Amino acid sequence: MKIYQKNLTEMKQIVDDYTSATVDPQIVATVAEIIQTVRQEGDAALRNYGAQFDKVDVKEFAVPQTKLEAAYQTLPSNLKDALTTAKANITSFHQQEIENGFADLTTPGVVRGQKVTPLARVGLYVPGGTAAYPSTILMNAIPAKLAGVGKLVMVTPPQREGISQTVLAAAYLAGVDAVYQVGGAQAIAALAYGTESIPQVDKIVGPGNIFVATAKQQVFGQVAIDMVAGPSEIGIIADGNANPDEVAADLLSQAEHDRRARAMLVTDSVELAEAVSAAVDQQLKTLPRQEIAQEAIANRSFIAVMADQDEMFELMNSIAPEHLELQVQDPITAMGKVQNAGSVFLGRYASEPLGDYLAGPNHVLPTGGTARFASPLGVYDFVKRTQFLQYTEAALAGVVQEVADLARAEGLEAHARAVEARFKEGD
């Protein structure tokens, strides 16, 4: 891995160069055409795109619920147990996020409040291809079900040999209401606008490739989306006491995701930096996804040696990584210095894959520096909040003049007259 020993200002500039990205206008145009075609042609367009992109002739988009249950029942016991444990942990964590709304009755004659309502329909995109992502299904579906979403539908690309049994089993375990065999930008368009077979939804969640991400951007406004997720990222802040082999393994755990993934170590120890770089090279030799991870390490990853812990945290906060490990002495105290990160892993034994699969906190996290303002996926992403307000006659009488004065100060006479209309002479 590249090792930098620069001052903080120089290192921040290097980080900016690593994070700069451009959008391919051809992809934008292609996705726009796909969306428009699906809007116009519905299921026919989905079948044509399925044959073109997935090389599968889909007769029926809906996967029978009996197939989901059968996939779960025939799942190997060790995998079934692991998924069940993950479901329990994800559920117990996200139950803490449930909101109940409120009513404020502190002012005589005035009722103010907020009503929390689950979204009626949500669509979940699950990638297909050579990889199966049952963990993604649990992470997206469980908070939605806890929120009380009326109907949760899942779309995933059709496969020549059929959809992964593990994916179908996870959908059954998570309580997904319907599964449809459609993928890519066309699936996002179908969820956003509806077709003869696939219902229109209110929000679309779930990861995907650049075409899926671009489609989510383009339909935003017609529907809500969770986020536009970029390549996976891991940042590690480690002092000289960290184990280089463990740090290297954790860096590679994200590098193997994607050729554009980012693995970043910030330390104050030259010795650790050199040892981790050597360990990454050694571990890459036996990694099944070596080619992918090697490209991510070579082009998108780095080690930065900073002067002290304050500089280490300032640099990492400017990066705002998706995942952040603190492999330092007293990581709980050090957590106070974290301003920007999607999910934080404290200490040697909180390896990042715990969060990907089993521990309970969500693995759908902001990427590309958006942890500066965005949050992990949670129950709160599947509800909407509606305010309500009631005044008695006496309560309104006490403030009518102030409301009218403010309205006229803004040049909105009709606003002023609307509140004054309740107190006309002779009423």
# chains A, B, ... in the order shown; residues from 1 in each chain; ligands from 1
>>> residues_around(residues="Arg160 (chain A)", least_positions_apart="5", cutoff="12 Å", atoms="only C-alpha atoms", output="list in words")
Gly50, Ala51, Phe53, Asp54, Lys55, Val56, Asp57, Val58, Gly128, Gly129, Thr130 and Gln181 of chain A
>>> select_by_dssp(residues="region 68-261 of chain A", states="alpha helix (DSSP H)", output="NGL selection string")
:A and (68-73 or 77-94 or 134-147 or 165-174 or 184-193 or 210-219 or 244-255)
>>> closest_atom_pairs(of="region 126-240 of chain A", to="region 302-319 of chain A", cutoff="12 Å", atoms="only C-alpha atoms", output="tab-separated table")
residue	atom	partner	partner_atom	distance
A:Glu233	CA	A:Ile319	CA	10.1
A:Ile234	CA	A:Ile319	CA	10.3
A:Gly235	CA	A:Met316	CA	7.3
A:Ile236	CA	A:Met316	CA	8.5
A:Ile237	CA	A:Met312	CA	6.9
A:Ala238	CA	A:Met312	CA	8.9
A:Asp239	CA	A:Gln309	CA	8.3
A:Gly240	CA	A:Val305	CA	11.0
>>> residues_around(residues="region 73-85 of chain A", least_positions_apart="2", cutoff="9 Å", atoms="only C-alpha atoms", output="PyMOL selection string")
chain A and resi 68-71+87-90+134-135+138+165-166+169-170+173+357-359
>>> write_last_selection(atoms="N, CA, C and O atoms", output="compact mmCIF listing (two decimals), in the first residue's frame")
# COMPACT_ATOMS: atom_id res chain seq x y z
N LEU A 68 -40.18 -19.26 -1.49
CA LEU A 68 -39.41 -18.60 -0.44
C LEU A 68 -39.36 -19.49 0.81
O LEU A 68 -38.30 -19.71 1.40
N GLU A 69 -40.52 -20.02 1.18
CA GLU A 69 -40.58 -20.87 2.38
C GLU A 69 -39.77 -22.14 2.17
O GLU A 69 -39.05 -22.59 3.08
N ALA A 70 -39.89 -22.74 0.98
CA ALA A 70 -39.15 -23.98 0.69
C ALA A 70 -37.64 -23.73 0.75
O ALA A 70 -36.88 -24.56 1.26
N ALA A 71 -37.21 -22.57 0.25
CA ALA A 71 -35.78 -22.25 0.30
C ALA A 71 -35.30 -22.15 1.73
O ALA A 71 -34.20 -22.61 2.07
N LYS A 87 -30.85 -12.03 12.48
CA LYS A 87 -32.17 -11.39 12.55
C LYS A 87 -32.48 -10.93 13.97
O LYS A 87 -32.98 -9.81 14.18
N ALA A 88 -32.19 -11.78 14.95
CA ALA A 88 -32.48 -11.42 16.34
C ALA A 88 -31.68 -10.20 16.77
O ALA A 88 -32.20 -9.29 17.44
N ASN A 89 -30.41 -10.13 16.38
CA ASN A 89 -29.56 -9.00 16.77
C ASN A 89 -29.97 -7.72 16.05
O ASN A 89 -29.99 -6.64 16.66
N ILE A 90 -30.27 -7.83 14.78
CA ILE A 90 -30.70 -6.65 14.02
C ILE A 90 -32.02 -6.12 14.58
O ILE A 90 -32.23 -4.91 14.73
N PRO A 134 -27.70 -12.17 1.37
CA PRO A 134 -28.79 -12.33 2.34
C PRO A 134 -28.70 -11.32 3.48
O PRO A 134 -29.72 -10.89 4.02
N SER A 135 -27.48 -10.91 3.84
CA SER A 135 -27.34 -9.94 4.92
C SER A 135 -27.98 -8.61 4.55
O SER A 135 -28.57 -7.93 5.40
N LEU A 138 -31.75 -8.73 5.22
CA LEU A 138 -32.09 -8.57 6.63
C LEU A 138 -31.91 -7.12 7.08
O LEU A 138 -32.76 -6.57 7.79
N GLN A 165 -31.00 -19.57 -3.57
CA GLN A 165 -31.86 -20.10 -2.51
C GLN A 165 -31.60 -19.38 -1.19
O GLN A 165 -32.52 -19.20 -0.38
N THR A 166 -30.37 -18.96 -0.96
CA THR A 166 -30.06 -18.22 0.27
C THR A 166 -30.77 -16.88 0.28
O THR A 166 -31.27 -16.43 1.32
N ALA A 169 -34.41 -17.52 0.96
CA ALA A 169 -34.59 -17.90 2.36
C ALA A 169 -34.53 -16.67 3.26
O ALA A 169 -35.33 -16.53 4.20
N ALA A 170 -33.59 -15.77 2.99
CA ALA A 170 -33.47 -14.56 3.79
C ALA A 170 -34.70 -13.67 3.62
O ALA A 170 -35.17 -13.05 4.59
N LEU A 173 -37.35 -15.20 5.81
CA LEU A 173 -37.07 -14.97 7.23
C LEU A 173 -37.33 -13.52 7.63
O LEU A 173 -37.82 -13.26 8.73
N TYR A 357 -22.57 -8.40 9.18
CA TYR A 357 -23.40 -9.60 9.22
C TYR A 357 -24.25 -9.80 10.47
O TYR A 357 -25.42 -10.15 10.37
N LEU A 358 -23.70 -9.62 11.65
CA LEU A 358 -24.31 -10.28 12.79
C LEU A 358 -24.61 -9.41 14.00
O LEU A 358 -25.55 -9.70 14.74
N ALA A 359 -23.85 -8.36 14.25
CA ALA A 359 -23.93 -7.68 15.54
C ALA A 359 -25.25 -6.96 15.77
O ALA A 359 -25.75 -6.89 16.89
>>> residues_around(residues="Ala397 (chain A)", least_positions_apart="2", cutoff="12 Å", atoms="only C-alpha atoms", output="PyMOL selection string")
chain A and resi 109-110+391-395+399-404+419-424
>>> write_last_selection(atoms="all heavy atoms", output="tab-separated table (two decimals), in the first residue's frame")
chain	number	residue	atom	x	y	z
A	109	GLY	N	-55.43	25.73	25.93
A	109	GLY	CA	-56.15	25.97	24.70
A	109	GLY	C	-55.41	25.58	23.44
A	109	GLY	O	-55.92	25.76	22.33
A	110	VAL	N	-54.20	25.03	23.57
A	110	VAL	CA	-53.38	24.70	22.40
A	110	VAL	C	-52.97	23.23	22.46
A	110	VAL	O	-52.51	22.76	23.49
A	110	VAL	CB	-52.11	25.58	22.33
A	110	VAL	CG1	-51.23	25.16	21.16
A	110	VAL	CG2	-52.48	27.06	22.23
A	391	TYR	N	-56.18	24.97	18.13
A	391	TYR	CA	-56.31	26.12	19.04
A	391	TYR	C	-57.78	26.29	19.41
A	391	TYR	O	-58.66	26.08	18.56
A	391	TYR	CB	-55.85	27.42	18.36
A	391	TYR	CG	-54.38	27.75	18.55
A	391	TYR	CD1	-53.38	26.85	18.21
A	391	TYR	CD2	-54.00	28.98	19.06
A	391	TYR	CE1	-52.05	27.16	18.38
A	391	TYR	CE2	-52.66	29.32	19.23
A	391	TYR	CZ	-51.68	28.40	18.89
A	391	TYR	OH	-50.36	28.72	19.06
A	392	THR	N	-58.04	26.66	20.64
A	392	THR	CA	-59.40	27.09	21.00
A	392	THR	C	-59.58	28.54	20.56
A	392	THR	O	-58.63	29.24	20.21
A	392	THR	CB	-59.60	26.99	22.52
A	392	THR	OG1	-58.70	27.90	23.16
A	392	THR	CG2	-59.38	25.57	23.01
A	393	GLU	N	-60.83	29.00	20.62
A	393	GLU	CA	-61.10	30.39	20.26
A	393	GLU	C	-60.30	31.35	21.14
A	393	GLU	O	-59.70	32.32	20.67
A	393	GLU	CB	-62.60	30.69	20.40
A	393	GLU	CG	-62.97	32.12	20.06
A	393	GLU	CD	-64.46	32.41	20.25
A	393	GLU	OE1	-65.18	31.51	20.72
A	393	GLU	OE2	-64.88	33.54	19.95
A	394	ALA	N	-60.29	31.09	22.43
A	394	ALA	CA	-59.58	31.98	23.35
A	394	ALA	C	-58.07	31.99	23.07
A	394	ALA	O	-57.42	33.04	23.13
A	394	ALA	CB	-59.84	31.55	24.79
A	395	ALA	N	-57.50	30.82	22.76
A	395	ALA	CA	-56.07	30.74	22.48
A	395	ALA	C	-55.71	31.51	21.22
A	395	ALA	O	-54.70	32.23	21.17
A	395	ALA	CB	-55.64	29.29	22.36
A	399	VAL	N	-53.38	35.52	20.24
A	399	VAL	CA	-52.21	35.69	19.36
A	399	VAL	C	-52.59	36.23	17.98
A	399	VAL	O	-51.70	36.43	17.15
A	399	VAL	CB	-51.46	34.34	19.17
A	399	VAL	CG1	-50.95	33.82	20.51
A	399	VAL	CG2	-52.35	33.30	18.49
A	400	VAL	N	-53.88	36.50	17.74
A	400	VAL	CA	-54.32	36.88	16.39
A	400	VAL	C	-53.59	38.13	15.90
A	400	VAL	O	-53.22	38.21	14.72
A	400	VAL	CB	-55.85	37.05	16.33
A	400	VAL	CG1	-56.32	38.18	17.26
A	400	VAL	CG2	-56.31	37.32	14.89
A	401	GLN	N	-53.38	39.09	16.75
A	401	GLN	CA	-52.75	40.33	16.31
A	401	GLN	C	-51.28	40.09	15.93
A	401	GLN	O	-50.78	40.64	14.95
A	401	GLN	CB	-52.84	41.40	17.40
A	401	GLN	CG	-52.42	42.78	16.91
A	401	GLN	CD	-53.27	43.26	15.73
A	401	GLN	OE1	-54.50	43.32	15.84
A	401	GLN	NE2	-52.64	43.56	14.60
A	402	GLU	N	-50.60	39.24	16.69
A	402	GLU	CA	-49.20	38.94	16.39
A	402	GLU	C	-49.06	38.21	15.05
A	402	GLU	O	-48.16	38.50	14.25
A	402	GLU	CB	-48.58	38.12	17.51
A	402	GLU	CG	-48.43	38.88	18.82
A	402	GLU	CD	-47.99	38.01	19.96
A	402	GLU	OE1	-48.62	36.95	20.17
A	402	GLU	OE2	-47.03	38.39	20.65
A	403	VAL	N	-49.97	37.25	14.81
A	403	VAL	CA	-49.95	36.55	13.53
A	403	VAL	C	-50.19	37.53	12.39
A	403	VAL	O	-49.48	37.52	11.37
A	403	VAL	CB	-50.99	35.42	13.51
A	403	VAL	CG1	-51.04	34.77	12.12
A	403	VAL	CG2	-50.67	34.37	14.56
A	404	ALA	N	-51.19	38.40	12.55
A	404	ALA	CA	-51.52	39.36	11.50
A	404	ALA	C	-50.36	40.33	11.27
A	404	ALA	O	-50.03	40.68	10.12
A	404	ALA	CB	-52.78	40.12	11.88
A	419	VAL	N	-56.69	34.89	9.70
A	419	VAL	CA	-56.84	34.72	11.15
A	419	VAL	C	-57.80	35.75	11.73
A	419	VAL	O	-58.54	35.47	12.69
A	419	VAL	CB	-55.48	34.79	11.86
A	419	VAL	CG1	-54.63	33.58	11.50
A	419	VAL	CG2	-54.73	36.07	11.55
A	420	GLU	N	-57.82	36.93	11.14
A	420	GLU	CA	-58.71	37.98	11.65
A	420	GLU	C	-60.17	37.68	11.34
A	420	GLU	O	-61.08	38.16	12.03
A	420	GLU	CB	-58.33	39.33	11.05
A	420	GLU	CG	-57.00	39.86	11.56
A	420	GLU	CD	-56.55	41.11	10.83
A	420	GLU	OE1	-57.02	41.37	9.70
A	420	GLU	OE2	-55.70	41.86	11.38
A	421	ALA	N	-60.41	36.83	10.31
A	421	ALA	CA	-61.79	36.51	9.91
A	421	ALA	C	-62.58	35.82	11.01
A	421	ALA	O	-63.81	35.86	11.02
A	421	ALA	CB	-61.77	35.64	8.65
A	422	ARG	N	-61.87	35.19	11.95
A	422	ARG	CA	-62.55	34.48	13.05
A	422	ARG	C	-63.12	35.45	14.08
A	422	ARG	O	-63.90	35.04	14.96
A	422	ARG	CB	-61.57	33.54	13.77
A	422	ARG	CG	-61.46	32.16	13.20
A	422	ARG	CD	-60.72	32.10	11.90
A	422	ARG	NE	-60.61	30.73	11.39
A	422	ARG	CZ	-60.24	30.43	10.17
A	422	ARG	NH1	-59.95	31.40	9.30
A	422	ARG	NH2	-60.19	29.18	9.78
A	423	PHE	N	-62.77	36.72	13.98
A	423	PHE	CA	-63.18	37.67	15.03
A	423	PHE	C	-63.81	38.93	14.44
A	423	PHE	O	-63.60	40.03	14.92
A	423	PHE	CB	-61.93	38.06	15.87
A	423	PHE	CG	-61.28	36.87	16.52
A	423	PHE	CD1	-60.13	36.33	15.97
A	423	PHE	CD2	-61.83	36.28	17.64
A	423	PHE	CE1	-59.52	35.21	16.54
A	423	PHE	CE2	-61.23	35.17	18.23
A	423	PHE	CZ	-60.07	34.65	17.67
A	424	LYS	N	-64.61	38.73	13.38
A	424	LYS	CA	-65.34	39.85	12.80
A	424	LYS	C	-66.39	40.36	13.79
A	424	LYS	O	-67.01	39.56	14.52
A	424	LYS	CB	-66.01	39.43	11.49
A	424	LYS	CG	-65.05	39.20	10.34
A	424	LYS	CD	-65.81	38.82	9.08
A	424	LYS	CE	-64.86	38.59	7.90
A	424	LYS	NZ	-65.61	38.17	6.70
